[in-house]
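Engineer: Take a look at protein-v1.cif, mmCIF, C-alpha atoms:
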data_my_file
loop_
_atom_site.label_atom_id
_atom_site.label_comp_id
_atom_site.auth_asym_id
_atom_site.auth_seq_id
_atom_site.Cartn_x
_atom_site.Cartn_y
_atom_site.Cartn_z
CA MET J 1 -6.08 -90.28 -17.88
CA LYS J 2 -3.64 -88.59 -20.22
CA GLU J 3 -2.25 -91.95 -21.32
CA ARG J 4 -5.70 -93.38 -21.87
CA LEU J 5 -6.69 -90.40 -23.98
CA PHE J 6 -3.51 -90.83 -26.00
CA ASP J 7 -4.38 -94.49 -26.67
CA TYR J 8 -7.92 -93.56 -27.64
CA ILE J 9 -6.80 -90.92 -30.13
CA LEU J 10 -4.36 -93.42 -31.64
CA GLN J 11 -7.19 -95.89 -32.14
CA LEU J 12 -9.21 -93.29 -34.04
CA GLY J 13 -6.21 -92.21 -36.10
CA ASP J 14 -5.20 -95.79 -36.92
CA ASN J 15 -8.54 -96.53 -38.58
CA SER J 16 -8.25 -93.52 -40.85
CA LEU J 17 -4.58 -94.17 -41.53
CA ILE J 18 -4.89 -97.84 -42.48
CA LEU J 19 -7.99 -97.39 -44.61
CA GLY J 20 -6.44 -94.28 -46.18
CA HIS J 21 -3.39 -96.34 -47.09
CA ARG J 22 -5.48 -99.18 -48.51
CA LEU J 23 -7.36 -96.72 -50.75
CA SER J 24 -4.12 -95.15 -51.90
CA GLU J 25 -3.23 -98.56 -53.37
CA TRP J 26 -5.99 -97.91 -55.91
CA CYS J 27 -4.13 -94.90 -57.30
CA GLY J 28 -3.72 -95.52 -61.03
CA HIS J 29 -5.75 -98.76 -60.86
CA GLY J 30 -9.34 -97.53 -60.60
CA PRO J 31 -11.85 -99.11 -62.99
CA ILE J 32 -12.54 -95.68 -64.52
CA LEU J 33 -10.77 -92.36 -64.12
CA GLU J 34 -13.53 -90.77 -61.99
CA VAL J 35 -13.46 -93.69 -59.57
CA ASP J 36 -9.69 -93.59 -59.39
CA MET J 37 -9.92 -89.92 -58.41
CA ALA J 38 -12.73 -90.54 -55.95
CA LEU J 39 -10.91 -93.33 -54.12
CA THR J 40 -7.72 -91.31 -53.86
CA ASN J 41 -9.65 -88.22 -52.75
CA ILE J 42 -11.23 -90.26 -49.97
CA SER J 43 -7.79 -91.57 -49.12
CA LEU J 44 -6.51 -88.00 -48.88
CA ASP J 45 -9.35 -86.99 -46.58
CA LEU J 46 -8.68 -89.95 -44.31
CA ILE J 47 -4.95 -89.33 -44.15
CA GLY J 48 -5.65 -85.65 -43.44
CA GLN J 49 -7.87 -86.72 -40.56
CA THR J 50 -5.12 -89.04 -39.34
CA ARG J 51 -2.70 -86.11 -39.26
CA ASN J 52 -5.10 -84.15 -37.07
CA TYR J 53 -5.43 -87.06 -34.66
CA PHE J 54 -1.72 -87.86 -34.53
CA GLN J 55 -0.59 -84.25 -34.15
CA TYR J 56 -2.93 -84.02 -31.21
CA ALA J 57 -1.81 -87.38 -29.79
CA ALA J 58 1.84 -86.36 -30.06
CA LYS J 59 1.09 -83.15 -28.18
CA ILE J 60 -0.75 -85.01 -25.43
CA GLU J 61 2.01 -87.56 -25.04
CA ASP J 62 4.62 -84.80 -24.94
CA LYS J 63 7.64 -87.06 -25.34
CA GLY J 64 9.02 -85.51 -28.50
CA ARG J 65 7.40 -88.01 -30.86
CA THR J 66 5.89 -86.56 -34.04
CA GLU J 67 2.92 -87.53 -36.18
CA ASP J 68 5.34 -89.37 -38.47
CA ASP J 69 6.78 -91.39 -35.60
CA LEU J 70 3.29 -92.47 -34.64
CA ALA J 71 2.28 -93.37 -38.18
CA PHE J 72 5.44 -95.07 -39.34
CA LEU J 73 7.49 -96.33 -36.42
CA ARG J 74 5.16 -98.64 -34.55
CA THR J 75 4.94 -102.40 -34.99
CA ASP J 76 1.82 -104.29 -36.01
CA ARG J 77 0.72 -105.22 -32.48
CA GLN J 78 0.77 -101.54 -31.55
CA TYR J 79 -1.86 -100.59 -34.14
CA ARG J 80 -5.43 -100.37 -32.87
CA ASN J 81 -7.44 -100.23 -36.10
CA TYR J 82 -10.45 -102.41 -36.87
CA LEU J 83 -9.73 -105.65 -38.73
CA LEU J 84 -12.11 -104.46 -41.45
CA VAL J 85 -9.98 -101.56 -42.65
CA GLU J 86 -6.81 -103.62 -43.08
CA GLN J 87 -8.50 -106.19 -45.34
CA PRO J 88 -7.03 -106.20 -48.87
CA ASN J 89 -8.75 -104.22 -51.62
CA GLY J 90 -9.88 -107.35 -53.50
CA ASP J 91 -11.95 -106.44 -56.53
CA PHE J 92 -13.80 -103.14 -56.83
CA ALA J 93 -16.96 -104.60 -55.25
CA ALA J 94 -14.98 -105.77 -52.21
CA THR J 95 -13.48 -102.29 -51.83
CA ILE J 96 -16.96 -100.75 -52.04
CA ALA J 97 -18.31 -103.19 -49.45
CA ARG J 98 -15.45 -102.38 -47.06
CA GLN J 99 -15.92 -98.67 -47.65
CA PHE J 100 -19.67 -98.81 -47.20
CA TYR J 101 -19.43 -100.72 -43.90
CA PHE J 102 -16.85 -98.27 -42.62
CA ASP J 103 -18.42 -95.03 -43.91
CA SER J 104 -21.81 -95.92 -42.46
CA PHE J 105 -20.21 -96.39 -39.07
CA HIS J 106 -17.77 -93.49 -39.41
CA LEU J 107 -20.52 -90.95 -40.03
CA LEU J 108 -22.60 -92.12 -37.05
CA PHE J 109 -19.48 -92.12 -34.91
CA LEU J 110 -18.36 -88.61 -35.86
CA GLN J 111 -21.84 -87.19 -35.36
CA GLU J 112 -21.44 -88.27 -31.73
CA LEU J 113 -17.78 -87.31 -31.37
CA VAL J 114 -18.61 -83.67 -32.18
CA LYS J 115 -20.24 -83.60 -28.73
CA SER J 116 -17.05 -84.76 -26.98
CA LYS J 117 -15.98 -82.89 -23.85
CA ASP J 118 -12.51 -82.86 -25.34
CA GLU J 119 -12.52 -79.70 -27.45
CA GLN J 120 -9.85 -80.75 -29.90
CA LEU J 121 -11.48 -84.13 -30.59
CA ALA J 122 -14.80 -82.35 -31.10
CA ALA J 123 -13.13 -79.94 -33.51
CA ILE J 124 -11.50 -82.74 -35.52
CA ALA J 125 -14.86 -84.52 -35.68
CA ALA J 126 -16.70 -81.38 -36.81
CA LYS J 127 -14.20 -80.96 -39.61
CA SER J 128 -14.24 -84.64 -40.65
CA VAL J 129 -17.98 -85.15 -40.54
CA LYS J 130 -18.52 -82.99 -43.62
CA GLU J 131 -16.01 -85.02 -45.61
CA VAL J 132 -17.33 -88.37 -44.47
CA SER J 133 -20.88 -87.58 -45.58
CA TYR J 134 -19.46 -87.40 -49.11
CA HIS J 135 -17.66 -90.72 -48.61
CA LEU J 136 -20.85 -92.46 -47.55
CA ARG J 137 -22.73 -91.00 -50.47
CA PHE J 138 -20.10 -92.40 -52.83
CA SER J 139 -19.97 -95.91 -51.35
CA SER J 140 -23.79 -96.18 -51.06
CA ASP J 141 -24.23 -95.06 -54.67
CA TRP J 142 -21.80 -97.68 -55.92
CA LEU J 143 -23.20 -100.43 -53.73
CA ILE J 144 -26.61 -99.77 -55.25
CA ARG J 145 -25.27 -99.46 -58.78
CA LEU J 146 -23.37 -102.75 -58.59
CA GLY J 147 -26.00 -104.63 -56.58
CA ASP J 148 -28.82 -103.53 -58.85
CA GLY J 149 -26.69 -103.89 -61.98
CA THR J 150 -25.81 -106.87 -64.12
CA GLU J 151 -25.80 -110.50 -63.01
CA GLU J 152 -22.04 -110.39 -62.65
CA SER J 153 -21.85 -107.11 -60.74
CA ARG J 154 -24.61 -108.26 -58.41
CA THR J 155 -22.82 -111.55 -57.68
CA LYS J 156 -19.57 -109.75 -56.93
CA MET J 157 -21.25 -107.12 -54.77
CA GLN J 158 -23.02 -109.83 -52.78
CA GLU J 159 -19.72 -111.68 -52.30
CA GLY J 160 -18.02 -108.51 -51.08
CA VAL J 161 -20.79 -107.81 -48.59
CA ASP J 162 -20.80 -111.44 -47.35
CA ASP J 163 -17.03 -111.72 -47.01
CA LEU J 164 -16.63 -108.63 -44.83
CA TRP J 165 -19.84 -108.80 -42.80
CA ASN J 166 -18.24 -110.60 -39.86
CA PHE J 167 -15.83 -107.71 -39.27
CA THR J 168 -18.59 -105.18 -38.53
CA ALA J 169 -18.90 -106.63 -35.01
CA GLU J 170 -15.83 -104.76 -33.92
CA PHE J 171 -17.42 -101.33 -34.28
CA PHE J 172 -19.82 -101.99 -31.43
CA LEU J 173 -18.18 -104.39 -28.97
CA MET J 174 -16.61 -101.92 -26.59
CA ASN J 175 -13.24 -102.62 -25.00
CA ASP J 176 -12.23 -101.18 -21.61
CA LEU J 177 -10.64 -98.14 -23.17
CA GLU J 178 -13.76 -97.23 -25.10
CA LYS J 179 -15.97 -97.75 -22.07
CA GLU J 180 -13.74 -95.52 -19.98
CA MET J 181 -13.65 -92.77 -22.58
CA ALA J 182 -17.39 -92.89 -23.15
CA ALA J 183 -18.03 -92.70 -19.41
CA ALA J 184 -15.79 -89.62 -19.21
CA GLY J 185 -17.81 -87.92 -21.94
CA ILE J 186 -14.75 -87.85 -24.22
CA GLY J 187 -15.34 -90.93 -26.34
CA VAL J 188 -18.41 -92.30 -28.04
CA ASP J 189 -20.73 -94.93 -26.63
CA VAL J 190 -20.55 -97.01 -29.78
CA GLN J 191 -22.78 -99.77 -28.50
CA ALA J 192 -25.66 -97.30 -28.60
CA LEU J 193 -25.11 -96.85 -32.34
CA GLU J 194 -25.45 -100.52 -33.22
CA GLU J 195 -29.17 -100.61 -33.86
CA SER J 196 -29.32 -97.57 -36.11
CA TYR J 197 -26.24 -98.79 -37.97
CA TYR J 198 -27.75 -102.09 -39.01
CA ALA J 199 -31.10 -100.44 -39.78
CA GLN J 200 -29.37 -97.95 -42.06
CA ILE J 201 -27.33 -100.50 -43.97
CA GLN J 202 -30.39 -102.72 -44.34
CA GLU J 203 -32.10 -99.83 -46.14
CA VAL J 204 -29.27 -99.45 -48.63
CA PHE J 205 -29.04 -103.23 -49.12
CA GLU J 206 -32.72 -103.28 -50.03
CA ALA J 207 -32.26 -100.52 -52.57
CA ALA J 208 -29.29 -102.46 -53.94
CA LYS J 209 -31.19 -105.78 -53.99
CA ILE J 210 -28.44 -107.21 -51.82
CA GLN J 211 -29.18 -109.91 -49.28
CA MET J 212 -28.22 -108.99 -45.73
CA PRO J 213 -26.20 -111.86 -44.19
CA ASP J 214 -28.36 -113.75 -41.70
CA TYR J 215 -25.98 -114.35 -38.81
CA LYS J 216 -24.71 -112.06 -36.08
CA PRO J 217 -21.21 -110.81 -36.86
CA GLY J 218 -18.57 -111.61 -34.26
CA GLN J 219 -14.97 -111.26 -35.44
CA ILE J 220 -12.94 -108.94 -33.20
CA GLY J 221 -9.27 -108.34 -32.34
CA GLY J 222 -7.89 -105.28 -34.12
CA LYS J 223 -8.71 -102.80 -31.38
CA ASP J 224 -6.59 -104.86 -29.01
CA GLY J 225 -3.71 -105.27 -31.43
CA MET J 226 -4.61 -108.79 -32.61
CA HIS J 227 -4.54 -108.33 -36.35
CA SER J 228 -4.99 -110.42 -39.47
CA GLU J 229 -1.92 -111.39 -41.47
CA HIS J 230 -2.66 -108.57 -43.92
CA LEU J 231 -1.61 -105.73 -41.64
CA GLY J 232 2.05 -106.76 -41.50
CA HIS J 233 2.33 -106.70 -45.27
CA LEU J 234 0.60 -103.34 -45.45
CA LEU J 235 2.94 -101.85 -42.84
CA ALA J 236 6.01 -103.20 -44.60
CA GLU J 237 5.14 -101.11 -47.60
CA MET J 238 3.74 -98.10 -45.78
CA GLN J 239 6.69 -97.79 -43.41
CA TYR J 240 9.42 -98.48 -45.94
CA MET J 241 10.52 -94.88 -46.55
CA GLN J 242 10.60 -93.88 -42.91
CA ARG J 243 12.52 -97.03 -41.96
CA ALA J 244 15.00 -96.70 -44.81
CA TYR J 245 15.49 -92.96 -44.40
CA PRO J 246 14.79 -92.21 -40.73
CA GLY J 247 13.46 -88.73 -40.04
CA MET J 248 12.58 -88.07 -43.66
CA GLU J 249 9.96 -85.35 -44.20
CA TRP J 250 7.92 -84.12 -47.14
CA MET S 1 -4.08 -55.92 -30.80
CA LYS S 2 -6.54 -57.90 -32.86
CA VAL S 3 -6.79 -56.67 -36.41
CA ALA S 4 -10.34 -57.38 -37.39
CA ASP S 5 -10.56 -54.38 -39.66
CA THR S 6 -9.95 -55.76 -43.12
CA LYS S 7 -8.95 -52.30 -44.34
CA ASN S 8 -5.81 -52.52 -42.23
CA PRO S 9 -2.71 -52.65 -44.49
CA VAL S 10 -1.70 -56.01 -42.99
CA TRP S 11 -4.65 -57.62 -44.77
CA GLU S 12 -3.46 -56.13 -48.05
CA ILE S 13 -0.16 -57.92 -47.61
CA ILE S 14 -1.88 -61.22 -46.88
CA ALA S 15 -4.19 -60.65 -49.85
CA ARG S 16 -1.18 -61.07 -52.15
CA VAL S 17 -1.03 -64.77 -51.31
CA PRO S 18 -2.90 -66.87 -53.87
CA ASP S 19 -4.41 -70.30 -53.34
CA PRO S 20 -1.84 -72.64 -54.94
CA GLU S 21 -4.54 -74.88 -56.43
CA VAL S 22 -6.83 -72.13 -57.72
CA PRO S 23 -4.43 -69.24 -58.26
CA VAL S 24 -7.12 -66.70 -59.24
CA LEU S 25 -8.30 -66.77 -55.63
CA THR S 26 -6.42 -65.15 -52.79
CA VAL S 27 -6.46 -66.71 -49.34
CA LEU S 28 -8.82 -63.88 -48.33
CA ASP S 29 -11.29 -64.72 -51.12
CA LEU S 30 -11.29 -68.28 -49.80
CA GLY S 31 -12.08 -67.10 -46.30
CA ILE S 32 -9.41 -69.24 -44.67
CA VAL S 33 -7.68 -66.38 -42.80
CA ARG S 34 -9.56 -66.20 -39.51
CA HIS S 35 -7.58 -63.79 -37.32
CA VAL S 36 -4.64 -61.48 -37.49
CA GLU S 37 -3.03 -60.35 -34.25
CA LEU S 38 -0.44 -57.63 -34.38
CA GLU S 39 1.97 -56.31 -31.78
CA GLY S 40 4.69 -54.04 -33.10
CA LYS S 41 6.67 -56.23 -35.48
CA GLU S 42 5.19 -59.42 -34.09
CA ILE S 43 2.33 -60.93 -35.98
CA ARG S 44 0.20 -64.00 -35.60
CA VAL S 45 -2.06 -65.18 -38.41
CA THR S 46 -4.66 -67.88 -37.81
CA ILE S 47 -5.77 -69.91 -40.81
CA THR S 48 -8.17 -72.81 -41.11
CA PRO S 49 -7.97 -75.68 -43.61
CA THR S 50 -10.63 -76.11 -46.28
CA TYR S 51 -10.27 -79.90 -46.20
CA THR S 52 -8.27 -81.82 -43.61
CA GLY S 53 -6.16 -83.48 -46.25
CA CYS S 54 -5.63 -80.34 -48.32
CA PRO S 55 -1.97 -80.52 -49.33
CA ALA S 56 -1.93 -76.78 -50.05
CA MET S 57 -2.12 -75.72 -46.39
CA ASP S 58 1.60 -75.98 -45.69
CA MET S 59 2.38 -74.00 -48.80
CA ILE S 60 -0.18 -71.34 -47.96
CA GLY S 61 1.34 -70.96 -44.50
CA ALA S 62 4.83 -70.64 -45.97
CA ASN S 63 3.69 -68.09 -48.55
CA ILE S 64 1.97 -65.91 -45.95
CA ARG S 65 5.17 -65.95 -43.94
CA LYS S 66 7.21 -65.00 -47.00
CA GLU S 67 5.02 -62.01 -47.89
CA LEU S 68 5.02 -60.72 -44.31
CA LYS S 69 8.78 -61.12 -44.07
CA LYS S 70 9.23 -58.99 -47.17
CA GLU S 71 7.35 -56.21 -45.40
CA GLY S 72 9.70 -56.31 -42.44
CA PHE S 73 7.83 -58.43 -39.96
CA GLU S 74 10.29 -60.43 -37.89
CA LYS S 75 8.29 -62.64 -35.58
CA ILE S 76 5.66 -64.33 -37.66
CA GLU S 77 3.51 -67.16 -36.46
CA VAL S 78 1.01 -68.90 -38.71
CA LYS S 79 -1.39 -70.94 -36.60
CA LEU S 80 -3.75 -73.62 -37.85
CA SER S 81 -7.14 -73.75 -36.21
CA LEU S 82 -9.88 -76.32 -36.85
CA THR S 83 -12.77 -74.51 -35.15
CA PRO S 84 -15.03 -73.22 -36.38
CA ALA S 85 -14.76 -75.56 -39.36
CA TRP S 86 -14.36 -73.83 -42.72
CA THR S 87 -17.42 -73.58 -44.91
CA THR S 88 -17.94 -72.41 -48.47
CA ASP S 89 -20.29 -69.78 -47.00
CA TRP S 90 -17.08 -67.88 -46.21
CA LEU S 91 -16.07 -67.65 -49.82
CA SER S 92 -16.35 -63.96 -50.76
CA GLU S 93 -18.68 -62.74 -53.51
CA GLU S 94 -15.62 -61.44 -55.31
CA GLY S 95 -14.13 -64.93 -54.97
CA LYS S 96 -17.21 -66.59 -56.47
CA LYS S 97 -17.07 -64.20 -59.41
CA LYS S 98 -13.40 -64.95 -60.01
CA LEU S 99 -14.04 -68.71 -59.82
CA LYS S 100 -16.69 -68.51 -62.50
CA GLU S 101 -14.49 -66.44 -64.82
CA TYR S 102 -11.77 -69.05 -64.29
CA GLY S 103 -14.12 -71.82 -65.48
CA ILE S 104 -15.03 -73.30 -62.09
CA ALA S 105 -18.69 -73.19 -61.07
CA PRO S 106 -18.93 -71.56 -57.61
CA PRO S 107 -20.83 -73.32 -54.79
CA VAL S 108 -24.60 -73.00 -55.04
CA GLY S 109 -26.72 -72.33 -51.98
CA ALA S 110 -25.74 -72.25 -48.33
CA THR S 111 -24.44 -75.22 -46.36
CA THR S 112 -27.46 -74.99 -44.07
CA ASP S 113 -29.37 -76.61 -46.93
CA LYS S 114 -28.90 -80.34 -46.34
CA ARG S 115 -29.48 -81.22 -49.99
CA VAL S 116 -26.32 -79.39 -50.85
CA LEU S 117 -24.18 -81.65 -48.66
CA ILE S 118 -25.38 -84.84 -50.25
CA GLY S 119 -25.05 -83.51 -53.75
CA GLU S 120 -28.72 -83.30 -54.62
CA PHE S 121 -28.61 -79.67 -55.57
CA SER S 122 -29.06 -79.65 -59.31
CA GLU S 123 -28.95 -75.96 -60.12
CA VAL S 124 -25.27 -75.83 -60.91
CA THR S 125 -24.80 -73.41 -63.78
CA CYS S 126 -22.28 -74.13 -66.52
CA PRO S 127 -19.54 -71.50 -66.13
CA ARG S 128 -19.10 -71.38 -69.91
CA CYS S 129 -22.57 -71.16 -71.43
CA GLU S 130 -24.71 -70.35 -68.36
CA SER S 131 -26.96 -73.35 -68.96
CA GLU S 132 -28.59 -74.94 -65.94
CA ASN S 133 -28.93 -78.20 -67.82
CA THR S 134 -25.95 -79.84 -66.11
CA HIS S 135 -25.28 -83.11 -64.35
CA MET S 136 -22.77 -84.47 -61.91
CA ILE S 137 -20.20 -86.93 -63.25
CA SER S 138 -18.34 -87.50 -60.01
CA GLN S 139 -18.52 -86.10 -56.51
CA PHE S 140 -14.76 -86.08 -56.45
CA GLY S 141 -12.81 -83.89 -58.85
CA SER S 142 -9.25 -82.78 -59.47
CA THR S 143 -8.85 -81.52 -55.89
CA ALA S 144 -10.61 -82.34 -52.62
CA CYS S 145 -12.76 -79.21 -52.81
CA LYS S 146 -14.22 -79.85 -56.26
CA ALA S 147 -16.75 -82.15 -57.94
CA LEU S 148 -16.87 -82.95 -61.64
CA TYR S 149 -19.85 -81.82 -63.70
CA GLN S 150 -20.82 -81.75 -67.33
CA CYS S 151 -23.01 -79.32 -69.23
CA LYS S 152 -25.61 -81.13 -71.31
CA ASP S 153 -26.02 -78.16 -73.66
CA CYS S 154 -22.45 -77.21 -74.57
CA MET S 155 -21.20 -80.69 -73.52
CA GLU S 156 -18.23 -79.14 -71.76
CA PRO S 157 -17.07 -80.89 -68.57
CA PHE S 158 -16.26 -78.50 -65.73
CA ASP S 159 -15.23 -78.35 -62.10
CA TYR S 160 -17.74 -77.39 -59.46
CA PHE S 161 -16.52 -75.97 -56.16
CA LYS S 162 -18.40 -78.20 -53.71
CA CYS S 163 -20.67 -76.65 -51.14
CA HIS S 164 -19.08 -77.71 -47.89
#
Please lay out the structure from this file as structure tokens.
Structural biologist:
Amino acid sequence: MKERLFDYILQLGDNSLILGHRLSEWCGHGPILEVDMALTNISLDLIGQTRNYFQYAAKIEDKGRTEDDLAFLRTDRQYRNYLLVEQPNGDFAATIARQFYFDSFHLLFLQELVKSKDEQLAAIAAKSVKEVSYHLRFSSDWLIRLGDGTEESRTKMQEGVDDLWNFTAEFFLMNDLEKEMAAAGIGVDVQALEESYYAQIQEVFEAAKIQMPDYKPGQIGGKDGMHSEHLGHLLAEMQYMQRAYPGMEW
Amino acid sequence: MKVADTKNPVWEIIARVPDPEVPVLTVLDLGIVRHVELEGKEIRVTITPTYTGCPAMDMIGANIRKELKKEGFEKIEVKLSLTPAWTTDWLSEEGKKKLKEYGIAPPVGATTDKRVLIGEFSEVTCPRCESENTHMISQFGSTACKALYQCKDCMEPFDYFKCH
């Protein structure tokens, strides 16, 4: 059970870590200063959440590994994040689409995780849920602004939404680990969130005058370590310092 | 022994530690010091982060340790606790006053009001000219705990300490 819990916490932490890293790539490149600050603030929140998860995971594992070891010294197949969060930033509309898909799920997920029988996971969720409601507000606002904007912004927003749609399947198709954790009252029964998720995003799409893709999404793999080619490149950069200077700390 | 009494001299020592990001506030004004437990020269201080990614937490912990060490405490433990999660409702009245004088609009309302969380609360007063004719520029400001506002009367942009 202890090992399974460790794996589950890693999966939660990996999503925040990889998306947090992706957003950090926007630092200094945002379309306007306020957006630059917003994206990096969200990145900071996500990396802070990752630290909470990994500190807890390291304690559970109890083999002397630290949060840094877990973040920086695993190989690509050992990461358990959704394929969605490792997708490249693309243009600003693509980043907003990725963020919106994730935030919408993240908020629903955390609202359930606060009820976890595992006290520390519930505590991390209670802390994170406040931050994530701001994230969702930001990504929804921008999705609407771009979708209901100029011809060009609408086209790009629609492309971003279409390109990443297929990856949303992974939130809800439960693997054995998730089923086990949900049954134990520790994890979240994500399948039960599916309906409200798509209803909620449909609402925002309508406000944004964005067309909801008309096929059922199906791309999975990340949760079981089968990643897209993008993750390896991301890790090469993210892990560089820790690999070059082992044991380095802030 | 649990030192809940904030008049205890130990709290005065901790009150010397400022928030590194908003130095007019002490860690007590912020409401992030949750417990102090004291046994002879052994002391344990429990703090809670404002935001999970707040980079100031490590520094705050180190500064609390430094101040206590100066006063002769030998075994000092600074513990980080996530529950109950920090809320701006814990910001002291004194703290809100200091924020405003510093040019940062203090949080408006209580977090139990849902509108506050999604940023629909419009009655943020300009800390410079007291006008309520203000608008939000960005939900994310110079630090995780602040949003960026602008006063439509004096035109001055200012930070707003988000209700959280």
Engineer: Which residues would end up in the selection if the PyMOL selection byres ((chain S and resi 139) around 9) were applied here, given that I need the answer as a list in words?
Structural biologist: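 Selected by the PyMOL selection byres ((chain S and resi 139) around 9) in this file: Glu34, Ala38, Tyr134, Arg137 and Phe138 of chain J; Gly119, Met136, Ile137, Ser138, Phe140, Gly141, Lys146, Ala147, Leu148, Tyr149 and Lys162 of chain S.
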Engineer: What's the 12 Å shell around Asp58 (chain S), counting all atoms listed in the file, without same-chain residues fewer than 3 positions away, as number ranges by chain?
Structural biologist: J: 250; S: 19-20, 47-49, 52-55, 61-65, 78-80
Engineer: Quick one: write out the picked residues with C-alpha atoms as an mmCIF file, keeping the file's coordinate frame?
Structural biologist:
data_model
loop_
_atom_site.group_PDB
_atom_site.id
_atom_site.type_symbol
_atom_site.label_atom_id
_atom_site.label_comp_id
_atom_site.auth_asym_id
_atom_site.auth_seq_id
_atom_site.Cartn_x
_atom_site.Cartn_y
_atom_site.Cartn_z
ATOM 1 C CA TRP J 250 7.920 -84.120 -47.140
ATOM 2 C CA ASP S 19 -4.410 -70.300 -53.340
ATOM 3 C CA PRO S 20 -1.840 -72.640 -54.940
ATOM 4 C CA ILE S 47 -5.770 -69.910 -40.810
ATOM 5 C CA THR S 48 -8.170 -72.810 -41.110
ATOM 6 C CA PRO S 49 -7.970 -75.680 -43.610
ATOM 7 C CA THR S 52 -8.270 -81.820 -43.610
ATOM 8 C CA GLY S 53 -6.160 -83.480 -46.250
ATOM 9 C CA CYS S 54 -5.630 -80.340 -48.320
ATOM 10 C CA PRO S 55 -1.970 -80.520 -49.330
ATOM 11 C CA GLY S 61 1.340 -70.960 -44.500
ATOM 12 C CA ALA S 62 4.830 -70.640 -45.970
ATOM 13 C CA ASN S 63 3.690 -68.090 -48.550
ATOM 14 C CA ILE S 64 1.970 -65.910 -45.950
ATOM 15 C CA ARG S 65 5.170 -65.950 -43.940
ATOM 16 C CA VAL S 78 1.010 -68.900 -38.710
ATOM 17 C CA LYS S 79 -1.390 -70.940 -36.600
ATOM 18 C CA LEU S 80 -3.750 -73.620 -37.850
#
Engineer: Can you work out which residues from chain J touch chain S at a cut-off of 10 Å (counting only C-alpha atoms) and hand them back as an MDAnalysis selection string?
Structural biologist: chainID J and resid 33:52 119:120 122:128 130:131 133:138
Engineer: Could you tell me which of J:Phe109, J:Asp118, J:Gly225, J:Thr66 comes closest to Glu249 (chain J) if we count all atoms listed in the file?
Structural biologist: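 Checking each candidate against Glu249 (chain J), we get J:Thr66 as the closest.
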Engineer: Within 10 Å of (-21.5, -85.1, -30.3), only C-alpha atoms: residues as a PyMOL selection string?
Structural biologist: chain J and resi 108-117+122+125-126+185-188
Engineer: Figure out the distance between CA of Thr46 (chain S) and CA of Gly109 (chain S), please, to one decimal in Å.
Structural biologist: 26.6 Å
Engineer: Add whatever atoms are absent from region 154-165 of chain J to reach N, CA and C atoms, and provide the output as a compact mmCIF listing (two decimals), keeping the file's coordinate frame.
Structural biologist:
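Now in part-v5.txt:
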# COMPACT_ATOMS: atom_id res chain seq x y z
N ARG J 154 -23.84 -107.93 -59.60
CA ARG J 154 -24.61 -108.26 -58.41
C ARG J 154 -23.95 -109.39 -57.62
N THR J 155 -23.49 -110.43 -58.33
CA THR J 155 -22.82 -111.55 -57.68
C THR J 155 -21.58 -111.07 -56.92
N LYS J 156 -20.80 -110.22 -57.58
CA LYS J 156 -19.57 -109.75 -56.93
C LYS J 156 -19.87 -108.85 -55.74
N MET J 157 -20.89 -108.02 -55.87
CA MET J 157 -21.25 -107.12 -54.77
C MET J 157 -21.72 -107.93 -53.57
N GLN J 158 -22.53 -108.97 -53.86
CA GLN J 158 -23.02 -109.83 -52.78
C GLN J 158 -21.85 -110.54 -52.09
N GLU J 159 -20.90 -111.00 -52.88
CA GLU J 159 -19.72 -111.68 -52.30
C GLU J 159 -18.94 -110.73 -51.39
N GLY J 160 -18.76 -109.50 -51.86
CA GLY J 160 -18.02 -108.51 -51.08
C GLY J 160 -18.70 -108.25 -49.74
N VAL J 161 -20.00 -108.07 -49.80
CA VAL J 161 -20.79 -107.81 -48.59
C VAL J 161 -20.71 -109.01 -47.64
N ASP J 162 -20.84 -110.23 -48.18
CA ASP J 162 -20.80 -111.44 -47.35
C ASP J 162 -19.43 -111.63 -46.70
N ASP J 163 -18.39 -111.45 -47.50
CA ASP J 163 -17.03 -111.72 -47.01
C ASP J 163 -16.64 -110.82 -45.84
N LEU J 164 -17.11 -109.58 -45.84
CA LEU J 164 -16.63 -108.63 -44.83
C LEU J 164 -17.60 -108.42 -43.67
N TRP J 165 -18.77 -108.98 -43.80
CA TRP J 165 -19.84 -108.80 -42.80
C TRP J 165 -19.37 -109.06 -41.38
